[in-house]
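Asker: Structure in structure tokens, see below.
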Amino acid sequence: MPHASPWWTPDVHADRRPFLIGRNRIQSALRRYFEERDFIEVDTATLQVSPGNEAHLHAFATEAIGHDGSVQPLYLHTSPEFACKKLLAAGERRIACFAHVYRNRERGPLHHPEFTMLEWYRAGESYEILMRDCGEILAIAAGTAGARAFSYQGRVCDPFLEPERLSLAEAFERFAGIDLIDSIEKDGSTDRERLAAAMRAAGLRVAHDDNWTDLFSRVLVEKVEPHLGFGRPTILDHYPVAEAALARPASHDPRVAERFELYACGVELANAFGELTDAAEQRRRFELEMAEKARVYGETYPLDEDFLAALAKMPEASGIALGFDRLVMLVTGASRIEQVLWAPVAEASA
């Protein structure tokens, strides 16, 4: 079976070029958006001592060799988040970053080993302000490219409408008939058996070795996400504190966190936090994540002690990471992420 023509052949490039020109226009418009709002654009190092500490994210590893032959393990970052937060600790107040990031074991219509993450942070400002930012950015991206709607796999979303805001608890009830909060204790701990019983009652599969997070993720992926971002964007808010990652607990309910995700056309576009600044709590979460990574994949990543030290000095802040390539896909109508990348990563031959 012959291989498809490489991306650099003139005929293939000619087909891709309208998407790529659209990408550049959108990026320029967003740079203006942030500049007009007093954001400083920053550029962070790709090589880090830790790529991040989420159990199911996989990194690319390398080594730095010193002039004396000494070897230091390093990783290509999965996000510029740690470096951006160090800049907040250093005194920056509003920063934005277009960063190439790297994630192993990921390749498909919406995934690529190397892609662009747009992250921005607001010191001293509520994470709810990021929701307003999201609505404005979707409209600017669409308007810049002359798109009246976002589309993906036959799904359509109006980027000019204010996003619907939906809590995880509301979404689980609406789309799966499951009371999510019933399986979360007041201290944020989770009850696997309660969630499993609710899933069985709803006709969903439960494996004997599934933990609470496995069950939560199955409902989210199979029952909730397919309904998000149709007609208008959706902001999925107030994740369980057990799924808080780097977000702080919500002031009104310690069972949930100041974390939201943005969806359009059923596609996850962004992940936002009211940032956790408790270094001890962040260390505890990282250690739990790495224990889970060891259980599932038999490997772990080191903690960035420099990041944890900076976190203790970081001001209250909110931050968000948006998959820039996915946004371009929805605006331009591209069907695969490679169509909006100027020079995609080579794919291994069969």
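Here's how to read the names in the structure tokens: chain A, B, ... by the order shown, residue numbers from 1 in each chain, ligand numbers from 1 in the order shown.
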Hey, what's within 10 Å of stretch 143-148 of chain A if we count only C-alpha atoms and toss same-chain stuff fewer than 6 positions away? As a PyMOL selection string, please?
Answerer: chain A and resi 19+21-30+137+157-160+328+330-333
Asker: Could you list, as a PDB file with N, CA, C and O atoms, in the first residue's frame, every residue within 6 Å of A:Pro233, counting only C-alpha atoms and ignoring same-chain residues fewer than 4 positions away?
Answerer:
ATOM      1  N   PRO A 163     -20.605  31.606  26.203  1.00  0.00           N
ATOM      2  CA  PRO A 163     -20.578  30.189  26.564  1.00  0.00           C
ATOM      3  C   PRO A 163     -21.574  29.842  27.672  1.00  0.00           C
ATOM      4  O   PRO A 163     -21.798  30.631  28.595  1.00  0.00           O
ATOM      5  N   GLY A 229     -20.610  21.875  23.939  1.00  0.00           N
ATOM      6  CA  GLY A 229     -20.170  22.804  22.912  1.00  0.00           C
ATOM      7  C   GLY A 229     -20.938  22.716  21.611  1.00  0.00           C
ATOM      8  O   GLY A 229     -20.397  23.040  20.554  1.00  0.00           O
ATOM      9  N   TYR A 263     -15.273  23.859  25.957  1.00  0.00           N
ATOM     10  CA  TYR A 263     -15.574  22.945  24.852  1.00  0.00           C
ATOM     11  C   TYR A 263     -16.294  23.678  23.734  1.00  0.00           C
ATOM     12  O   TYR A 263     -17.107  24.583  23.991  1.00  0.00           O
ATOM     13  N   ALA A 264     -16.013  23.259  22.499  1.00  0.00           N
ATOM     14  CA  ALA A 264     -16.760  23.712  21.329  1.00  0.00           C
ATOM     15  C   ALA A 264     -16.815  22.558  20.342  1.00  0.00           C
ATOM     16  O   ALA A 264     -15.792  21.883  20.115  1.00  0.00           O
TER      17      ALA A 264
END
Asker: Counting only C-alpha atoms, which residues of stretch 108-141 of chain A sit at most 9 Å from some atom of stretch 334-344 of chain A, and what is each one's closest atom pair with its distance in Å to one decimal, listed by chain and rising residue number, as CSV?
Answerer:
residue,atom,partner,partner_atom,distance
A:Gly108,CA,A:Arg336,CA,7.7
A:Pro109,CA,A:Arg336,CA,4.4
A:Leu110,CA,A:Ile337,CA,5.5
A:His111,CA,A:Ile337,CA,6.8
A:His112,CA,A:Ile337,CA,7.1
A:Glu114,CA,A:Pro344,CA,8.0
A:Phe115,CA,A:Leu341,CA,8.0
Asker: State, in Å with one decimal place, the distance from atom CA of A:Arg17 to atom CA of A:His77.
Answerer: 28.5 Å
Asker: Taking only residues of stretch 74-188 of chain A that have an atom at most 12 Å from an atom of stretch 247-262 of chain A, what is each one's shortest atom pair and its distance in Å to one decimal, using only C-alpha atoms, in chain and number order, as JSON lines?
Answerer:
{"residue": "A:Ser126", "atom": "CA", "partner": "A:Glu258", "partner_atom": "CA", "distance": 9.5}
{"residue": "A:Tyr127", "atom": "CA", "partner": "A:Glu258", "partner_atom": "CA", "distance": 7.2}
{"residue": "A:Glu128", "atom": "CA", "partner": "A:Glu258", "partner_atom": "CA", "distance": 8.8}
{"residue": "A:Ile129", "atom": "CA", "partner": "A:Phe260", "partner_atom": "CA", "distance": 11.8}
{"residue": "A:Leu130", "atom": "CA", "partner": "A:Phe260", "partner_atom": "CA", "distance": 9.6}
{"residue": "A:Met131", "atom": "CA", "partner": "A:Leu262", "partner_atom": "CA", "distance": 8.5}
{"residue": "A:Arg132", "atom": "CA", "partner": "A:Leu262", "partner_atom": "CA", "distance": 11.4}
{"residue": "A:Asp133", "atom": "CA", "partner": "A:Leu262", "partner_atom": "CA", "distance": 11.2}
{"residue": "A:Cys134", "atom": "CA", "partner": "A:Leu262", "partner_atom": "CA", "distance": 7.8}
{"residue": "A:Gly135", "atom": "CA", "partner": "A:Leu262", "partner_atom": "CA", "distance": 9.6}
{"residue": "A:Ile137", "atom": "CA", "partner": "A:Leu262", "partner_atom": "CA", "distance": 11.7}
{"residue": "A:Leu138", "atom": "CA", "partner": "A:Leu262", "partner_atom": "CA", "distance": 10.5}
{"residue": "A:Pro159", "atom": "CA", "partner": "A:Leu262", "partner_atom": "CA", "distance": 11.8}
{"residue": "A:Glu162", "atom": "CA", "partner": "A:Leu262", "partner_atom": "CA", "distance": 11.9}
{"residue": "A:Pro163", "atom": "CA", "partner": "A:Leu262", "partner_atom": "CA", "distance": 8.6}
{"residue": "A:Glu164", "atom": "CA", "partner": "A:Leu262", "partner_atom": "CA", "distance": 9.7}
{"residue": "A:Arg165", "atom": "CA", "partner": "A:Phe260", "partner_atom": "CA", "distance": 9.3}
{"residue": "A:Leu166", "atom": "CA", "partner": "A:Phe260", "partner_atom": "CA", "distance": 9.3}
{"residue": "A:Ser167", "atom": "CA", "partner": "A:Phe260", "partner_atom": "CA", "distance": 8.5}
{"residue": "A:Leu168", "atom": "CA", "partner": "A:Phe260", "partner_atom": "CA", "distance": 9.1}
{"residue": "A:Ala169", "atom": "CA", "partner": "A:Val256", "partner_atom": "CA", "distance": 9.5}
{"residue": "A:Leu180", "atom": "CA", "partner": "A:Arg255", "partner_atom": "CA", "distance": 10.6}
{"residue": "A:Ile181", "atom": "CA", "partner": "A:Arg255", "partner_atom": "CA", "distance": 7.8}
{"residue": "A:Asp182", "atom": "CA", "partner": "A:Arg255", "partner_atom": "CA", "distance": 10.4}
{"residue": "A:Ser183", "atom": "CA", "partner": "A:Arg255", "partner_atom": "CA", "distance": 10.1}
{"residue": "A:Ile184", "atom": "CA", "partner": "A:Arg255", "partner_atom": "CA", "distance": 6.5}
{"residue": "A:Glu185", "atom": "CA", "partner": "A:Arg255", "partner_atom": "CA", "distance": 6.9}
{"residue": "A:Lys186", "atom": "CA", "partner": "A:Arg255", "partner_atom": "CA", "distance": 5.8}
{"residue": "A:Asp187", "atom": "CA", "partner": "A:Arg255", "partner_atom": "CA", "distance": 6.5}
{"residue": "A:Gly188", "atom": "CA", "partner": "A:Arg255", "partner_atom": "CA", "distance": 4.6}
Asker: Skip A:Glu305 itself and residues of its chain fewer than 4 positions away, then list as a ChimeraX atom specification all residues within 12 Å of it, counting only C-alpha atoms.
Answerer: /A:48-50,52,82,86,279-280,282-283,286,309-312
Asker: Could you tell me which of A:Ser217, A:Asn211, A:Asn271, A:Ser79 comes closest to A:Asn53 if we count only C-alpha atoms?
Answerer: A:Ser79
Asker: Let me make sure I understand: among A:Ala201, A:Ala244, A:Leu76, A:Cys84, which one has the smallest atom-to-atom distance to A:Gly274 if we use only C-alpha atoms?
Answerer: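 Between A:Ala201, A:Ala244, A:Leu76, A:Cys84, the residue approaching A:Gly274 most closely is A:Ala244.
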Asker: Which residues are near stretch 89-103 of chain A? Cut-off 9 Å, only C-alpha atoms, ignore same chain within fewer than 2 positions. Put them as JSON, numbers by chain.
Answerer: {"A": [27, 31, 34, 37, 38, 39, 40, 41, 42, 43, 44, 46, 51, 57, 58, 59, 60, 76, 77, 78, 79, 80, 84, 85, 86, 87, 105, 106, 111, 112, 113, 114, 115, 116, 117, 118, 119, 120, 121, 122, 123, 124, 310, 311, 312, 313, 314, 315, 317, 324]}
Asker: For a quick check of understanding, using only C-alpha atoms, which of A:Asp191, A:Val71, A:Glu36, A:Val156 has the smallest distance to A:His227?
Answerer: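 Among A:Asp191, A:Val71, A:Glu36, A:Val156, it is A:Val156 that comes nearest to A:His227.
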Asker: Per DSSP on the backbone, what are the alpha helix (DSSP H) residues of stretch 6-112 of chain A, as JSON, numbers by chain?
Answerer: {"A": [10, 11, 12, 13, 14, 15, 16, 17, 18, 19, 20, 21, 22, 23, 24, 25, 26, 27, 28, 29, 30, 31, 32, 33, 34, 35, 36, 81, 82, 83, 84, 85, 86, 87, 88, 89, 90]}
Asker: What residues in stretch 1-227 of chain A get the DSSP label strand (DSSP E)? Please answer as a PyMOL selection string.
Answerer: chain A and resi 40-41+47-48+60-65+71-76+94-102+114-123+150-152+155-157+164-167
Asker: Please compute the atom CA of A:Ala272-atom CA of A:Arg32 distance, one decimal, in Å.
Answerer: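 Going from atom CA of A:Ala272 over to atom CA of A:Arg32, I get 21.3 Å.
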